[in-house]
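Working notes for the structure below.
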Amino acid sequence: MRGPFEYIGRELRAGIDWAGGISLLLGRSMARGVRRPWGIYDIFSQIIALGIRSLPLSTLMGVFVGMALTWQFGEALMGFGAKNAVGSAAALALVRELVPTLMALTIGAKIATGVTAELGSMKVSEQIDAIASLGADPLKKLVWPRLIASTVTLPLLNVYGNVLALIGGAFIADFVFDVPAEYFYETYIDELYPMDYISGLVKSFTFGLLVGLIGCYQGFQTKFGTEAVGISTTNTVVATSVAIIVFDFVLTTIFLPVG
Amino acid sequence: MAPIIELRNVYKRFGDNIIYEDMSFEVEAGETFTIIGGSGMGKSVCLKLMIGLLPYDSGHVLYRGKEVGDMDAEQLRELRRNVAMVFQGGALFDSMSVFDNVTYALREHTKMSDQEMLERARECLDMVGLGYDKDILYRMPASLSGGMRKRAALARSIAIKPEVILYDEPTTGLDPANIQRIGAMIQKLQKELGVTSIVVTHDMPIAFERSDRVAMLWQRKFPFIGTSAEIQHHPAPEVSDFINGRYYEDQD
């Protein structure tokens with residue numbers, strides 16, 4: 001019986017170590033990042049690298065999530081003869097839950113793995129040591145800009161995704177269910193209150209921070225050799241997905257009573 | 001005269017793997033000090049301890065009498081301004097041009113204008129024998145050969161005019177002509193700029209022809225330290241077997 005308990009204990013310990021390491025990285029990066037110079041150029045470079053290059057995928061995600069969900073709701077509502085309510089039904093699910101979460105799971109995972117692969121390769125080829133040896137701070141130069149960029153980028157992409165989901169939904173409502181796009185738009189917007197947008201944005205802001213943090217941490221934790229970069233990248237996908245799902249639940253439980 | 005770098009009774013381990021036990025040696029200002037020893041024994045670790053890239057478990061690592069382990073971020077920054085390191089693979093930043101690589105430390109530590117940095121970059125690249133390529137400044141590291149990458153890395157380390165340069169296997173993977181070129185460059189920098197050089201190498205001609213003193217890492221410390229001639233003719237079989245490439249079953 002000792003075996004399974006030992007295994008659980010070891011895994012639990014590793015999980016606590018990991019969470020501790022992530023928290024420490026966040027604390028140190030924030031402490032050093034807020035000191036001048038703020039690295040505005042580096043932050044904007046990262047926003048372009050992480051955000052602008054994610055636009056094609058975000059476009060696809062936004063449009064297809066909007067279309068798929070509207071179709072599902074439309075089919076269900078037709079059974080009750082209430083297909084005209086499809087805009088109201090889709091709005092909450094898309095803005096509060098699906099767009100921020102699915103966007104984080106796809107775009108976020110893409111950003112996090114990209115960051116891990118880049119920093120992991122730099123670690124393996126001693127470029128991170130080289131930055132330190134030249135008198136610069138790797139946390140300030142590498143972690144801080146990526147952390148801020150991912151935290152800013154994901155909410156922006158969430159807003160973009162929401163607009164495209166609305167367009168995708170309106171298209172399906174009009175062409176499949178014969179509900180005019182204008183009517184879909186009006187019922188969609190009427191259903192939403194400021195707190196719905198805020199809850200979606202807070203979620204994507206949190207997911208952005210998590211994505212940047214996990215990506216950087218796993219990159220810095222990469223051991224030796226190219227195989228290690230692969231292992232770190234795989235771990236990043238798992239850790240990012242789990243963290244997003246868990247934090248989504250936590251934030252939903254916080255925002256549901258408020259909304 | 002006090003040594004510029006001193007390691008005294010240093011202990012260092014990675015998990016169960018003990019790298020150094022009661023290890024000591026010192027380096028005088030202006031000398032070329034070469035470290036030899038078997039692969040994977042921790043020669044590079046020694047260099048990283050000197051500039052605080054790795055922490056040590058106990059003992060003392062001193063730069064001009066100051067404990068490296070006790071330095072705060074600003075003191076470490078100052079230390080690394082004075083002690084540069086050339087990494088084994090060059091460790092040039094892939095995403096930056098040669099110009100940005102070479103001037104990286106200048107941007108960190110000085111307020112030089114772009115024109116001054118350009119001139120300094122050209123001067124450094126000339127010094128390492130890369131000045132012949134007029135486009136070198138704007139080339140990316142991926143487009144350089146192994147020898148050029150090492151020389152560009154050397155240019156990056158001398159740009160800030162350090163007083164000590166740590167070389168981690170600067171000739172590994174290079175052809176004989178490039179090995180000689182790098183060796184001559186290390187000597188030239190010492191003579192012309194008065195730089196103290198600490199070189200980790202497996203290349204015996206570089207170790208014996210270009211060094212003032214040589215130290216051999218053996219069983220987690222440096223029991224054999226002497227001038228090039230002393231080490232070359234050292235009576236201990238461990239030393240002669242190592243430098244002549246004779247194989248041991250149990251080197252540790």
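Scheme for the structure tokens: letters A, B, ... for chains in order shown; per-chain residue numbers from 1; ligand numbers from 1 in order shown.
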Sorted by chain and rising residue number, which residues of segment 2-101 of chain B lie within 12 Å of segment 132-145 of chain A, and what are their closest atom pairs and distances in Å to one decimal, counting only C-alpha atoms, as a tab-separated table?
residue	atom	partner	partner_atom	distance
B:Leu47	CA	A:Ser133	CA	10.8
B:Lys48	CA	A:Ser133	CA	8.9
B:Leu49	CA	A:Ser133	CA	11.3
B:Met50	CA	A:Ser133	CA	10.5
B:Ile51	CA	A:Ser133	CA	7.2
B:Gly52	CA	A:Ser133	CA	8.7
B:Leu53	CA	A:Ala132	CA	7.3
B:Leu54	CA	A:Ala132	CA	10.9
B:Ala73	CA	A:Asp137	CA	8.8
B:Glu74	CA	A:Gly135	CA	9.1
B:Gln75	CA	A:Gly135	CA	9.9
B:Leu76	CA	A:Gly135	CA	7.4
B:Arg77	CA	A:Gly135	CA	4.6
B:Glu78	CA	A:Gly135	CA	7.2
B:Leu79	CA	A:Gly135	CA	8.0
B:Arg80	CA	A:Gly135	CA	5.2
B:Arg81	CA	A:Gly135	CA	6.0
B:Asn82	CA	A:Gly135	CA	9.4
B:Val83	CA	A:Ser133	CA	8.2
B:Ala84	CA	A:Ser133	CA	6.5
B:Met85	CA	A:Ser133	CA	6.5
B:Val86	CA	A:Ser133	CA	9.2
B:Phe87	CA	A:Ser133	CA	9.7
B:Ala91	CA	A:Ser133	CA	10.8
B:Leu92	CA	A:Leu134	CA	11.5
B:Phe93	CA	A:Leu134	CA	11.8
B:Asn101	CA	A:Leu134	CA	10.4
Please write the residues from the selection above to a file, keeping N, CA and C atoms, as an mmCIF file, in the first residue's frame.
data_model
loop_
_atom_site.group_PDB
_atom_site.id
_atom_site.type_symbol
_atom_site.label_atom_id
_atom_site.label_comp_id
_atom_site.auth_asym_id
_atom_site.auth_seq_id
_atom_site.Cartn_x
_atom_site.Cartn_y
_atom_site.Cartn_z
ATOM 1 N N LEU B 47 33.869 28.497 -13.829
ATOM 2 C CA LEU B 47 33.772 29.845 -14.416
ATOM 3 C C LEU B 47 32.471 30.524 -13.986
ATOM 4 N N LYS B 48 31.391 29.731 -13.982
ATOM 5 C CA LYS B 48 30.085 30.313 -13.626
ATOM 6 C C LYS B 48 30.037 30.723 -12.150
ATOM 7 N N LEU B 49 30.782 30.010 -11.310
ATOM 8 C CA LEU B 49 30.851 30.403 -9.890
ATOM 9 C C LEU B 49 31.509 31.777 -9.753
ATOM 10 N N MET B 50 32.498 32.031 -10.624
ATOM 11 C CA MET B 50 33.273 33.277 -10.504
ATOM 12 C C MET B 50 32.439 34.525 -10.770
ATOM 13 N N ILE B 51 31.407 34.402 -11.612
ATOM 14 C CA ILE B 51 30.597 35.596 -11.894
ATOM 15 C C ILE B 51 29.176 35.447 -11.337
ATOM 16 N N GLY B 52 29.020 34.518 -10.413
ATOM 17 C CA GLY B 52 27.741 34.405 -9.722
ATOM 18 C C GLY B 52 26.607 33.875 -10.570
ATOM 19 N N LEU B 53 26.932 33.182 -11.670
ATOM 20 C CA LEU B 53 25.857 32.579 -12.468
ATOM 21 C C LEU B 53 25.341 31.322 -11.780
ATOM 22 N N LEU B 54 26.186 30.717 -10.950
ATOM 23 C CA LEU B 54 25.777 29.571 -10.144
ATOM 24 C C LEU B 54 26.170 29.862 -8.690
ATOM 25 N N ALA B 73 22.234 42.659 -6.410
ATOM 26 C CA ALA B 73 22.056 42.730 -7.868
ATOM 27 C C ALA B 73 22.967 43.790 -8.503
ATOM 28 N N GLU B 74 23.096 44.942 -7.860
ATOM 29 C CA GLU B 74 23.895 46.028 -8.434
ATOM 30 C C GLU B 74 25.377 45.674 -8.425
ATOM 31 N N GLN B 75 25.833 45.028 -7.341
ATOM 32 C CA GLN B 75 27.241 44.618 -7.256
ATOM 33 C C GLN B 75 27.553 43.523 -8.275
ATOM 34 N N LEU B 76 26.588 42.625 -8.470
ATOM 35 C CA LEU B 76 26.785 41.567 -9.472
ATOM 36 C C LEU B 76 26.867 42.163 -10.876
ATOM 37 N N ARG B 77 26.040 43.164 -11.110
ATOM 38 C CA ARG B 77 26.039 43.857 -12.400
ATOM 39 C C ARG B 77 27.399 44.504 -12.656
ATOM 40 N N GLU B 78 27.954 45.100 -11.615
ATOM 41 C CA GLU B 78 29.263 45.746 -11.723
ATOM 42 C C GLU B 78 30.356 44.694 -11.939
ATOM 43 N N LEU B 79 30.230 43.574 -11.197
ATOM 44 C CA LEU B 79 31.195 42.469 -11.359
ATOM 45 C C LEU B 79 31.201 41.994 -12.809
ATOM 46 N N ARG B 80 29.976 41.816 -13.358
ATOM 47 C CA ARG B 80 29.870 41.276 -14.719
ATOM 48 C C ARG B 80 30.242 42.303 -15.788
ATOM 49 N N ARG B 81 30.309 43.561 -15.368
ATOM 50 C CA ARG B 81 30.814 44.577 -16.286
ATOM 51 C C ARG B 81 32.331 44.427 -16.415
ATOM 52 N N ASN B 82 32.953 43.970 -15.324
ATOM 53 C CA ASN B 82 34.414 43.837 -15.297
ATOM 54 C C ASN B 82 34.905 42.439 -15.673
ATOM 55 N N VAL B 83 34.046 41.449 -15.489
ATOM 56 C CA VAL B 83 34.444 40.067 -15.805
ATOM 57 C C VAL B 83 33.498 39.537 -16.881
ATOM 58 N N ALA B 84 34.008 39.395 -18.096
ATOM 59 C CA ALA B 84 33.168 38.925 -19.198
ATOM 60 C C ALA B 84 33.371 37.431 -19.409
ATOM 61 N N MET B 85 32.390 36.803 -20.032
ATOM 62 C CA MET B 85 32.518 35.363 -20.283
ATOM 63 C C MET B 85 32.206 35.052 -21.743
ATOM 64 N N VAL B 86 33.058 34.208 -22.318
ATOM 65 C CA VAL B 86 32.812 33.719 -23.677
ATOM 66 C C VAL B 86 32.329 32.272 -23.536
ATOM 67 N N PHE B 87 31.097 32.037 -23.939
ATOM 68 C CA PHE B 87 30.501 30.709 -23.722
ATOM 69 C C PHE B 87 30.944 29.706 -24.788
ATOM 70 N N ALA B 91 26.958 31.376 -27.613
ATOM 71 C CA ALA B 91 25.738 31.913 -26.968
ATOM 72 C C ALA B 91 25.369 33.295 -27.510
ATOM 73 N N LEU B 92 25.546 33.469 -28.814
ATOM 74 C CA LEU B 92 25.085 34.729 -29.425
ATOM 75 C C LEU B 92 23.556 34.713 -29.416
ATOM 76 N N PHE B 93 22.956 35.891 -29.286
ATOM 77 C CA PHE B 93 21.496 35.954 -29.258
ATOM 78 C C PHE B 93 20.970 35.795 -30.682
ATOM 79 N N ASN B 101 24.368 42.139 -30.937
ATOM 80 C CA ASN B 101 25.049 41.244 -30.004
ATOM 81 C C ASN B 101 26.286 41.908 -29.410
#
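By chain and then residue number, the residues within 12 Å of Asp174 of chain A are A:Met67, A:Thr70, A:Trp71, A:Gly74, A:Lys83, A:Asn84, A:Val86, A:Gly87, A:Ile167, A:Gly168, A:Gly169, A:Ala170, A:Asp178, A:Val179, A:Pro180, A:Ala181, A:Glu182, A:Tyr183, A:Phe184, A:Tyr185, counting only C-alpha atoms and disregarding those fewer than 4 positions away in sequence.
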Quiz prompt | Residue among A:Thr206, A:Thr59, A:Ser23, A:Ser29 lying closest to Tyr160 of chain A, counting only C-alpha atoms | solution = A:Thr59
Exercise. Run DSSP on the backbone and give me the residues of segment 8-122 of chain B it puts in helix (DSSP H, G or I), as a PyMOL selection string.
Key: chain B and resi 43-50+68-70+73-82+98-102+104-109+114-122
Quiz item: Using only C-alpha atoms, which residue out of A:Ile244, A:Leu156, A:Glu6, A:Leu164 lies closest to Leu60 of chain A?
Solution: A:Leu164
Exercise. Excluding Ala82 of chain A and residues on its chain fewer than 6 positions from it, collect all residues at most 12 Å away from it, counting only C-alpha atoms, and give them as a list in words.
Key: Phe73, Gly74, Glu75, Ala76, Ser88, Ala89, Phe177 and Val179 of chain A
For segment 234-240 of chain A, please output as a PDB file with C-alpha atoms, in the first residue's frame all residues within 10 Å (counting only C-alpha atoms; exclusion window: fewer than 4 positions along the same chain).
ATOM      1  CA  ALA A 104      -7.222  30.991 -23.942  1.00  0.00           C
ATOM      2  CA  LEU A 105      -7.092  27.245 -24.555  1.00  0.00           C
ATOM      3  CA  THR A 106      -6.035  27.679 -28.168  1.00  0.00           C
ATOM      4  CA  GLY A 108      -3.067  30.924 -24.956  1.00  0.00           C
ATOM      5  CA  ALA A 109      -1.566  27.469 -25.416  1.00  0.00           C
ATOM      6  CA  LYS A 110       0.029  28.657 -28.677  1.00  0.00           C
ATOM      7  CA  ILE A 111       1.542  31.677 -26.929  1.00  0.00           C
ATOM      8  CA  ALA A 112       2.731  29.677 -23.907  1.00  0.00           C
ATOM      9  CA  THR A 113       4.363  26.917 -25.940  1.00  0.00           C
ATOM     10  CA  GLY A 114       6.020  29.487 -28.197  1.00  0.00           C
ATOM     11  CA  VAL A 115       7.457  31.256 -25.167  1.00  0.00           C
ATOM     12  CA  THR A 116       8.616  27.981 -23.578  1.00  0.00           C
ATOM     13  CA  ALA A 117      10.256  26.785 -26.788  1.00  0.00           C
ATOM     14  CA  PHE A 207      -5.617  33.569 -18.465  1.00  0.00           C
ATOM     15  CA  LEU A 210      -1.175  32.477 -16.432  1.00  0.00           C
ATOM     16  CA  VAL A 211      -0.168  31.761 -20.017  1.00  0.00           C
ATOM     17  CA  GLY A 212       2.826  34.124 -19.892  1.00  0.00           C
ATOM     18  CA  LEU A 213       3.873  32.942 -16.474  1.00  0.00           C
ATOM     19  CA  ILE A 214       3.691  29.215 -17.250  1.00  0.00           C
ATOM     20  CA  GLY A 215       5.385  29.703 -20.629  1.00  0.00           C
ATOM     21  CA  CYS A 216       8.301  31.593 -19.068  1.00  0.00           C
ATOM     22  CA  TYR A 217       8.616  29.318 -16.040  1.00  0.00           C
ATOM     23  CA  GLN A 218       8.737  26.136 -18.095  1.00  0.00           C
ATOM     24  CA  GLY A 219      11.256  27.745 -20.451  1.00  0.00           C
ATOM     25  CA  ALA A 228      14.446  18.872 -22.831  1.00  0.00           C
ATOM     26  CA  VAL A 229      12.930  21.706 -24.886  1.00  0.00           C
ATOM     27  CA  GLY A 230      10.335  19.238 -26.235  1.00  0.00           C
ATOM     28  CA  ILE A 244      -7.104  27.749 -17.518  1.00  0.00           C
ATOM     29  CA  ILE A 245      -9.872  25.233 -16.769  1.00  0.00           C
ATOM     30  CA  VAL A 246      -9.371  25.497 -12.985  1.00  0.00           C
TER      31      VAL A 246
END
